[in-house]
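To start, the structure under review is shown below, and the notes come after it.
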Amino acid sequence: MAGGASKLRDVRKLADSRSVFELELPLAQLPGLPAELTSGGGEVRAQLRFGREQGFAAAEVKLQTAMQGTCQRCLQAMRLQIEASSQVLLVESEQEAERSPGGWETFLAPEGRLTFEALVAEELLLALPIVTLHQSAAECPALGAAERSDIKAEPQTAQGEAGASATARPFADLRALLERGAKS
């Protein structure tokens, strides 16, 4: 159905007939995705289930894909596994979106028409992490180096007067440390 995914569809007909579509779309075919996410190729599996919610045309969108990303810690390539499910109201205008019930995500379908590619692409973009990072030191050289480093960023406390706990000031002697380092 990859070729039919770019065809404009009537939202009202999809909603009224409670249509369901199972799609496998090439990532490179989806509009608006950054090139670095599609450079590794691959496909997104999508299930689109149309219906009505509170008088609005709606779609349940389920996505599953693996794509190329860049770890923002070590700047190395990494694989992103994305699985997402969302409920979306399909609106014809921004004014209609403003009148939609609170708590719902909206998708703009001008003149009551949309392409499956555009709907899948928008939901995929919303499912991406804000910052892509490797999760373990085994995968990320920068994280492994930070874990092996002697510098620890753990909060320290010191005993103040009358045995009360007071916050330590780890940079209080920074000038003396810098001067000692410069003399070495």
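Here's how to read the names in the structure tokens: chain A, B, ... by the order shown, residue numbers from 1 in each chain, ligand numbers from 1 in the order shown.
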Q. If you count only C-alpha atoms, which residues fall within 12 Å of A:Leu133, apart from same-chain ones fewer than 5 positions away, as a list in words?
A.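 The neighbour list is Gly69, Thr70, Cys71, Gln72, Arg73, Cys74, Leu75, Gln76, Ala77, Met78, Arg79, Leu80, Leu128, Glu139, Cys140, Pro141, Ala142 and Leu143 of chain A.
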Keeping only N, CA and C atoms, take the residues you just selected and write them out as a compact mmCIF listing (two decimals), in the first residue's frame.
# COMPACT_ATOMS: atom_id res chain seq x y z
N GLY A 69 19.80 7.22 14.48
CA GLY A 69 19.86 8.47 15.22
C GLY A 69 21.29 8.78 15.58
N THR A 70 21.51 9.86 16.30
CA THR A 70 22.83 10.24 16.77
C THR A 70 22.77 10.48 18.26
N CYS A 71 23.62 9.79 19.00
CA CYS A 71 23.69 9.99 20.45
C CYS A 71 24.23 11.40 20.69
N GLN A 72 23.53 12.18 21.48
CA GLN A 72 23.95 13.55 21.74
C GLN A 72 25.03 13.64 22.81
N ARG A 73 25.39 12.51 23.39
CA ARG A 73 26.45 12.47 24.38
C ARG A 73 27.79 12.20 23.69
N CYS A 74 27.83 11.17 22.81
CA CYS A 74 29.09 10.78 22.17
C CYS A 74 29.13 11.11 20.69
N LEU A 75 27.99 11.55 20.13
CA LEU A 75 27.87 11.92 18.71
C LEU A 75 28.11 10.75 17.76
N GLN A 76 27.91 9.54 18.24
CA GLN A 76 28.02 8.35 17.41
C GLN A 76 26.62 7.91 16.96
N ALA A 77 26.59 7.16 15.86
CA ALA A 77 25.32 6.64 15.36
C ALA A 77 24.72 5.68 16.38
N MET A 78 23.41 5.68 16.44
CA MET A 78 22.71 4.75 17.32
C MET A 78 21.38 4.37 16.70
N ARG A 79 20.87 3.24 17.12
CA ARG A 79 19.58 2.75 16.63
C ARG A 79 18.47 3.19 17.59
N LEU A 80 17.44 3.79 17.05
CA LEU A 80 16.28 4.20 17.84
C LEU A 80 15.13 3.24 17.60
N LEU A 128 9.37 10.73 18.79
CA LEU A 128 10.83 10.74 18.94
C LEU A 128 11.23 11.34 20.28
N GLU A 139 27.34 0.91 25.31
CA GLU A 139 26.98 1.44 24.00
C GLU A 139 27.62 2.81 23.72
N CYS A 140 27.90 3.58 24.77
CA CYS A 140 28.31 4.97 24.61
C CYS A 140 29.70 5.20 25.18
N PRO A 141 30.70 5.47 24.34
CA PRO A 141 32.05 5.73 24.83
C PRO A 141 32.11 6.92 25.80
N ALA A 142 31.33 7.96 25.56
CA ALA A 142 31.36 9.14 26.43
C ALA A 142 30.79 8.82 27.81
N LEU A 143 29.73 8.04 27.86
CA LEU A 143 29.15 7.66 29.14
C LEU A 143 30.09 6.74 29.90
Q. Just how far from atom CA of A:Val88 is atom CA of A:Glu60, in Å to one decimal?
A.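 Pair atom CA of A:Glu60 / atom CA of A:Val88 returns 6.3 Å.
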Q) Between A:Leu90, A:Leu33, A:Met67, A:Leu178, which is the closest to A:Thr115 once you count only C-alpha atoms? A)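 Of A:Leu90, A:Leu33, A:Met67, A:Leu178, the one nearest A:Thr115 is A:Leu90, counting only C-alpha atoms.
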Q. Which is closest to A:Ala97 among A:Gly51, A:Pro26, A:Gly41, A:Pro110, if we use only C-alpha atoms?
A.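 That would be A:Pro110, the residue with the smallest distance to A:Ala97.
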Q.
List the spatial neighbours of stretch 42-48 of chain A as number ranges by chain - criterion: any atom at most 7 Å away, only C-alpha atoms, same-chain residues fewer than 6 positions off excluded.
A. A: 20-27, 59-65, 67
Could the residues in this selection be saved with C-alpha atoms as a CSV table (one decimal), in the first residue's frame?
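Okay, this is what ended up in out_31.csv:
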chain,number,residue,atom,x,y,z
A,20,VAL,CA,-8.6,0.3,9.4
A,21,PHE,CA,-5.3,0.2,7.5
A,22,GLU,CA,-2.1,-1.8,8.1
A,23,LEU,CA,0.8,0.0,6.4
A,24,GLU,CA,4.5,-0.5,5.9
A,25,LEU,CA,6.0,2.7,4.6
A,26,PRO,CA,9.7,3.5,3.8
A,27,LEU,CA,11.0,6.1,6.3
A,59,ALA,CA,-7.8,8.2,14.3
A,60,GLU,CA,-5.9,5.8,16.5
A,61,VAL,CA,-2.4,5.6,15.2
A,62,LYS,CA,0.0,2.8,16.2
A,63,LEU,CA,3.6,3.0,15.0
A,64,GLN,CA,6.6,0.7,15.2
A,65,THR,CA,10.0,1.3,13.6
A,67,MET,CA,15.7,4.2,12.7
Excluding A:Arg18 and residues on its chain fewer than 2 positions from it, collect all residues at most 10 Å away from it, counting only C-alpha atoms, and give them as a PDB file with C-alpha atoms, in the first residue's frame.
ATOM      1  CA  ARG A  12     -15.326  11.900   6.872  1.00  0.00           C
ATOM      2  CA  LYS A  13     -15.590   8.723   4.781  1.00  0.00           C
ATOM      3  CA  LEU A  14     -12.730   7.087   6.712  1.00  0.00           C
ATOM      4  CA  ALA A  15     -14.307   7.979  10.059  1.00  0.00           C
ATOM      5  CA  ASP A  16     -17.881   7.026   9.128  1.00  0.00           C
ATOM      6  CA  VAL A  20      -8.626   0.257   9.432  1.00  0.00           C
ATOM      7  CA  ARG A  49      -7.973   2.959  12.886  1.00  0.00           C
ATOM      8  CA  PHE A  50     -10.509   5.656  12.008  1.00  0.00           C
ATOM      9  CA  GLY A  51     -13.752   6.513  13.776  1.00  0.00           C
ATOM     10  CA  ARG A  52     -15.503   9.316  15.611  1.00  0.00           C
ATOM     11  CA  ALA A  57     -13.350  12.457  13.012  1.00  0.00           C
ATOM     12  CA  ALA A  58     -10.580  10.633  14.845  1.00  0.00           C
ATOM     13  CA  ALA A  59      -7.783   8.157  14.281  1.00  0.00           C
TER      14      ALA A  59
END
Write out as a PDB file with N, CA and C atoms, in the first residue's frame the set of residues from chain A that DSSP, computed on the backbone, places in helix (DSSP H, G or I).
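Generated output (part-v5.pdb):
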ATOM      1  N   GLY A   3       2.259   2.980  -2.326  1.00  0.00           N
ATOM      2  CA  GLY A   3       1.861   3.961  -3.325  1.00  0.00           C
ATOM      3  C   GLY A   3       0.580   4.671  -2.952  1.00  0.00           C
ATOM      4  N   GLY A   4      -0.364   3.978  -2.323  1.00  0.00           N
ATOM      5  CA  GLY A   4      -1.630   4.568  -1.938  1.00  0.00           C
ATOM      6  C   GLY A   4      -1.542   5.434  -0.698  1.00  0.00           C
ATOM      7  N   ALA A   5      -0.428   5.383   0.008  1.00  0.00           N
ATOM      8  CA  ALA A   5      -0.278   6.151   1.240  1.00  0.00           C
ATOM      9  C   ALA A   5      -0.155   7.645   0.973  1.00  0.00           C
ATOM     10  N   SER A   6       0.232   8.013  -0.247  1.00  0.00           N
ATOM     11  CA  SER A   6       0.378   9.425  -0.567  1.00  0.00           C
ATOM     12  C   SER A   6      -0.888  10.002  -1.210  1.00  0.00           C
ATOM     13  N   VAL A  11     -11.508  12.377   5.043  1.00  0.00           N
ATOM     14  CA  VAL A  11     -11.522  12.066   6.473  1.00  0.00           C
ATOM     15  C   VAL A  11     -12.905  11.605   6.926  1.00  0.00           C
ATOM     16  N   ARG A  12     -13.965  12.273   6.447  1.00  0.00           N
ATOM     17  CA  ARG A  12     -15.326  11.900   6.872  1.00  0.00           C
ATOM     18  C   ARG A  12     -15.662  10.472   6.471  1.00  0.00           C
ATOM     19  N   LYS A  13     -15.310  10.085   5.243  1.00  0.00           N
ATOM     20  CA  LYS A  13     -15.590   8.723   4.781  1.00  0.00           C
ATOM     21  C   LYS A  13     -14.811   7.702   5.610  1.00  0.00           C
ATOM     22  N   LEU A  14     -13.545   8.002   5.899  1.00  0.00           N
ATOM     23  CA  LEU A  14     -12.730   7.087   6.712  1.00  0.00           C
ATOM     24  C   LEU A  14     -13.332   6.911   8.099  1.00  0.00           C
ATOM     25  N   ALA A  15     -13.758   8.021   8.703  1.00  0.00           N
ATOM     26  CA  ALA A  15     -14.307   7.979  10.059  1.00  0.00           C
ATOM     27  C   ALA A  15     -15.655   7.266  10.085  1.00  0.00           C
ATOM     28  N   ASP A  16     -16.540   7.608   9.141  1.00  0.00           N
ATOM     29  CA  ASP A  16     -17.881   7.026   9.128  1.00  0.00           C
ATOM     30  C   ASP A  16     -17.852   5.522   8.845  1.00  0.00           C
ATOM     31  N   LEU A  27      10.771   4.835   5.490  1.00  0.00           N
ATOM     32  CA  LEU A  27      11.005   6.068   6.255  1.00  0.00           C
ATOM     33  C   LEU A  27      11.333   7.238   5.330  1.00  0.00           C
ATOM     34  N   ALA A  28      12.100   6.975   4.273  1.00  0.00           N
ATOM     35  CA  ALA A  28      12.511   8.040   3.360  1.00  0.00           C
ATOM     36  C   ALA A  28      11.324   8.657   2.628  1.00  0.00           C
ATOM     37  N   GLN A  29      10.184   7.970   2.579  1.00  0.00           N
ATOM     38  CA  GLN A  29       8.999   8.449   1.879  1.00  0.00           C
ATOM     39  C   GLN A  29       8.170   9.405   2.739  1.00  0.00           C
ATOM     40  N   ALA A  35      16.810  14.138   7.474  1.00  0.00           N
ATOM     41  CA  ALA A  35      17.574  13.180   6.671  1.00  0.00           C
ATOM     42  C   ALA A  35      18.373  12.213   7.533  1.00  0.00           C
ATOM     43  N   GLU A  36      18.907  12.685   8.677  1.00  0.00           N
ATOM     44  CA  GLU A  36      19.716  11.785   9.503  1.00  0.00           C
ATOM     45  C   GLU A  36      18.899  10.635  10.082  1.00  0.00           C
ATOM     46  N   LEU A  37      17.591  10.804  10.200  1.00  0.00           N
ATOM     47  CA  LEU A  37      16.747   9.726  10.717  1.00  0.00           C
ATOM     48  C   LEU A  37      16.375   8.713   9.647  1.00  0.00           C
ATOM     49  N   THR A  38      16.425   9.119   8.396  1.00  0.00           N
ATOM     50  CA  THR A  38      16.048   8.225   7.310  1.00  0.00           C
ATOM     51  C   THR A  38      17.245   7.665   6.554  1.00  0.00           C
ATOM     52  N   GLU A  94      -7.686  25.449  11.908  1.00  0.00           N
ATOM     53  CA  GLU A  94      -7.164  25.789  13.227  1.00  0.00           C
ATOM     54  C   GLU A  94      -8.284  26.208  14.169  1.00  0.00           C
ATOM     55  N   GLN A  95      -9.334  26.833  13.629  1.00  0.00           N
ATOM     56  CA  GLN A  95     -10.475  27.213  14.457  1.00  0.00           C
ATOM     57  C   GLN A  95     -11.170  25.968  15.010  1.00  0.00           C
ATOM     58  N   GLU A  96     -11.299  24.947  14.184  1.00  0.00           N
ATOM     59  CA  GLU A  96     -11.901  23.688  14.642  1.00  0.00           C
ATOM     60  C   GLU A  96     -11.015  23.033  15.707  1.00  0.00           C
ATOM     61  N   ALA A  97      -9.709  23.138  15.544  1.00  0.00           N
ATOM     62  CA  ALA A  97      -8.784  22.592  16.545  1.00  0.00           C
ATOM     63  C   ALA A  97      -8.959  23.298  17.885  1.00  0.00           C
ATOM     64  N   GLU A  98      -9.180  24.604  17.849  1.00  0.00           N
ATOM     65  CA  GLU A  98      -9.396  25.367  19.075  1.00  0.00           C
ATOM     66  C   GLU A  98     -10.682  24.965  19.785  1.00  0.00           C
ATOM     67  N   ARG A  99     -11.680  24.516  19.029  1.00  0.00           N
ATOM     68  CA  ARG A  99     -12.954  24.081  19.608  1.00  0.00           C
ATOM     69  C   ARG A  99     -12.923  22.613  20.053  1.00  0.00           C
ATOM     70  N   PRO A 110      -6.691  19.794   5.966  1.00  0.00           N
ATOM     71  CA  PRO A 110      -7.389  20.862   5.239  1.00  0.00           C
ATOM     72  C   PRO A 110      -8.429  20.288   4.271  1.00  0.00           C
ATOM     73  N   GLU A 111      -9.581  20.943   4.244  1.00  0.00           N
ATOM     74  CA  GLU A 111     -10.694  20.534   3.381  1.00  0.00           C
ATOM     75  C   GLU A 111     -11.133  19.096   3.657  1.00  0.00           C
ATOM     76  N   GLY A 112     -10.831  18.588   4.861  1.00  0.00           N
ATOM     77  CA  GLY A 112     -11.261  17.251   5.235  1.00  0.00           C
ATOM     78  C   GLY A 112     -10.519  16.136   4.523  1.00  0.00           C
ATOM     79  N   PHE A 116      -2.041   9.332   4.320  1.00  0.00           N
ATOM     80  CA  PHE A 116      -1.568   8.470   5.405  1.00  0.00           C
ATOM     81  C   PHE A 116      -0.113   8.786   5.736  1.00  0.00           C
ATOM     82  N   GLU A 117       0.686   9.094   4.707  1.00  0.00           N
ATOM     83  CA  GLU A 117       2.095   9.437   4.928  1.00  0.00           C
ATOM     84  C   GLU A 117       2.244  10.614   5.878  1.00  0.00           C
ATOM     85  N   ALA A 118       1.457  11.663   5.656  1.00  0.00           N
ATOM     86  CA  ALA A 118       1.564  12.864   6.488  1.00  0.00           C
ATOM     87  C   ALA A 118       1.151  12.573   7.929  1.00  0.00           C
ATOM     88  N   LEU A 119       0.074  11.803   8.115  1.00  0.00           N
ATOM     89  CA  LEU A 119      -0.390  11.459   9.454  1.00  0.00           C
ATOM     90  C   LEU A 119       0.653  10.612  10.181  1.00  0.00           C
ATOM     91  N   VAL A 120       1.201   9.614   9.506  1.00  0.00           N
ATOM     92  CA  VAL A 120       2.222   8.755  10.116  1.00  0.00           C
ATOM     93  C   VAL A 120       3.480   9.553  10.431  1.00  0.00           C
ATOM     94  N   ALA A 121       3.909  10.420   9.509  1.00  0.00           N
ATOM     95  CA  ALA A 121       5.115  11.221   9.726  1.00  0.00           C
ATOM     96  C   ALA A 121       4.967  12.125  10.944  1.00  0.00           C
ATOM     97  N   GLU A 122       3.818  12.786  11.086  1.00  0.00           N
ATOM     98  CA  GLU A 122       3.629  13.680  12.230  1.00  0.00           C
ATOM     99  C   GLU A 122       3.645  12.901  13.542  1.00  0.00           C
ATOM    100  N   GLU A 123       2.977  11.770  13.572  1.00  0.00           N
ATOM    101  CA  GLU A 123       2.943  10.983  14.803  1.00  0.00           C
ATOM    102  C   GLU A 123       4.318  10.408  15.124  1.00  0.00           C
ATOM    103  N   LEU A 124       5.077  10.054  14.108  1.00  0.00           N
ATOM    104  CA  LEU A 124       6.435   9.559  14.330  1.00  0.00           C
ATOM    105  C   LEU A 124       7.324  10.663  14.895  1.00  0.00           C
ATOM    106  N   LEU A 125       7.220  11.858  14.358  1.00  0.00           N
ATOM    107  CA  LEU A 125       7.995  12.985  14.888  1.00  0.00           C
ATOM    108  C   LEU A 125       7.653  13.254  16.350  1.00  0.00           C
ATOM    109  N   LEU A 126       6.382  13.160  16.691  1.00  0.00           N
ATOM    110  CA  LEU A 126       5.966  13.392  18.079  1.00  0.00           C
ATOM    111  C   LEU A 126       6.437  12.284  19.013  1.00  0.00           C
ATOM    112  N   ALA A 127       6.674  11.094  18.480  1.00  0.00           N
ATOM    113  CA  ALA A 127       7.108   9.960  19.301  1.00  0.00           C
ATOM    114  C   ALA A 127       8.618   9.939  19.541  1.00  0.00           C
ATOM    115  N   PRO A 141      30.700   5.469  24.337  1.00  0.00           N
ATOM    116  CA  PRO A 141      32.052   5.731  24.831  1.00  0.00           C
ATOM    117  C   PRO A 141      32.106   6.919  25.799  1.00  0.00           C
ATOM    118  N   ALA A 142      31.333   7.958  25.562  1.00  0.00           N
ATOM    119  CA  ALA A 142      31.357   9.136  26.433  1.00  0.00           C
ATOM    120  C   ALA A 142      30.786   8.816  27.810  1.00  0.00           C
ATOM    121  N   LEU A 143      29.733   8.036  27.864  1.00  0.00           N
ATOM    122  CA  LEU A 143      29.149   7.659  29.138  1.00  0.00           C
ATOM    123  C   LEU A 143      30.092   6.738  29.901  1.00  0.00           C
ATOM    124  N   GLY A 144      30.729   5.812  29.191  1.00  0.00           N
ATOM    125  CA  GLY A 144      31.700   4.925  29.831  1.00  0.00           C
ATOM    126  C   GLY A 144      32.858   5.701  30.417  1.00  0.00           C
ATOM    127  N   ALA A 145      33.344   6.714  29.707  1.00  0.00           N
ATOM    128  CA  ALA A 145      34.450   7.534  30.204  1.00  0.00           C
ATOM    129  C   ALA A 145      34.030   8.318  31.436  1.00  0.00           C
ATOM    130  N   ALA A 146      32.817   8.839  31.437  1.00  0.00           N
ATOM    131  CA  ALA A 146      32.330   9.601  32.591  1.00  0.00           C
ATOM    132  C   ALA A 146      32.199   8.700  33.815  1.00  0.00           C
ATOM    133  N   GLU A 147      31.759   7.462  33.610  1.00  0.00           N
ATOM    134  CA  GLU A 147      31.616   6.540  34.738  1.00  0.00           C
ATOM    135  C   GLU A 147      32.972   6.115  35.292  1.00  0.00           C
ATOM    136  N   ARG A 148      33.995   6.062  34.430  1.00  0.00           N
ATOM    137  CA  ARG A 148      35.331   5.656  34.886  1.00  0.00           C
ATOM    138  C   ARG A 148      36.125   6.817  35.472  1.00  0.00           C
ATOM    139  N   GLU A 161      27.294  23.821  62.780  1.00  0.00           N
ATOM    140  CA  GLU A 161      27.202  24.031  64.218  1.00  0.00           C
ATOM    141  C   GLU A 161      26.026  23.254  64.791  1.00  0.00           C
ATOM    142  N   ALA A 162      26.139  22.828  65.989  1.00  0.00           N
ATOM    143  CA  ALA A 162      25.105  22.112  66.736  1.00  0.00           C
ATOM    144  C   ALA A 162      24.702  20.817  66.042  1.00  0.00           C
ATOM    145  N   GLY A 163      25.589  20.236  65.226  1.00  0.00           N
ATOM    146  CA  GLY A 163      25.343  18.946  64.608  1.00  0.00           C
ATOM    147  C   GLY A 163      24.383  18.985  63.437  1.00  0.00           C
ATOM    148  N   LEU A 174      38.269  26.915  44.873  1.00  0.00           N
ATOM    149  CA  LEU A 174      38.600  26.747  43.465  1.00  0.00           C
ATOM    150  C   LEU A 174      39.783  27.602  43.045  1.00  0.00           C
ATOM    151  N   ARG A 175      39.844  28.851  43.507  1.00  0.00           N
ATOM    152  CA  ARG A 175      40.949  29.731  43.132  1.00  0.00           C
ATOM    153  C   ARG A 175      42.283  29.131  43.575  1.00  0.00           C
ATOM    154  N   ALA A 176      42.347  28.623  44.806  1.00  0.00           N
ATOM    155  CA  ALA A 176      43.584  28.026  45.312  1.00  0.00           C
ATOM    156  C   ALA A 176      43.959  26.799  44.477  1.00  0.00           C
ATOM    157  N   LEU A 177      42.988  25.986  44.106  1.00  0.00           N
ATOM    158  CA  LEU A 177      43.266  24.809  43.282  1.00  0.00           C
ATOM    159  C   LEU A 177      43.797  25.211  41.905  1.00  0.00           C
ATOM    160  N   LEU A 178      43.186  26.233  41.303  1.00  0.00           N
ATOM    161  CA  LEU A 178      43.645  26.703  39.987  1.00  0.00           C
ATOM    162  C   LEU A 178      45.058  27.274  40.066  1.00  0.00           C
ATOM    163  N   GLU A 179      45.366  28.044  41.125  1.00  0.00           N
ATOM    164  CA  GLU A 179      46.693  28.600  41.270  1.00  0.00           C
ATOM    165  C   GLU A 179      47.724  27.495  41.479  1.00  0.00           C
ATOM    166  N   ARG A 180      47.380  26.480  42.259  1.00  0.00           N
ATOM    167  CA  ARG A 180      48.289  25.351  42.446  1.00  0.00           C
ATOM    168  C   ARG A 180      48.554  24.632  41.145  1.00  0.00           C
ATOM    169  N   GLY A 181      47.478  24.470  40.330  1.00  0.00           N
ATOM    170  CA  GLY A 181      47.619  23.811  39.035  1.00  0.00           C
ATOM    171  C   GLY A 181      48.488  24.603  38.081  1.00  0.00           C
ATOM    172  N   ALA A 182      48.396  25.937  38.123  1.00  0.00           N
ATOM    173  CA  ALA A 182      49.174  26.797  37.230  1.00  0.00           C
ATOM    174  C   ALA A 182      50.645  26.761  37.588  1.00  0.00           C
ATOM    175  N   LYS A 183      50.977  26.554  38.880  1.00  0.00           N
ATOM    176  CA  LYS A 183      52.372  26.518  39.314  1.00  0.00           C
ATOM    177  C   LYS A 183      53.040  25.190  38.959  1.00  0.00           C
TER     178      LYS A 183
END
Q.
If you run DSSP on the backbone here, which positions in stretch 46-157 of chain A get strand (DSSP E or B)? Please write them as a PyMOL selection string.
A. chain A and resi 46-53+56-70+77-91+105-108+113-114+157
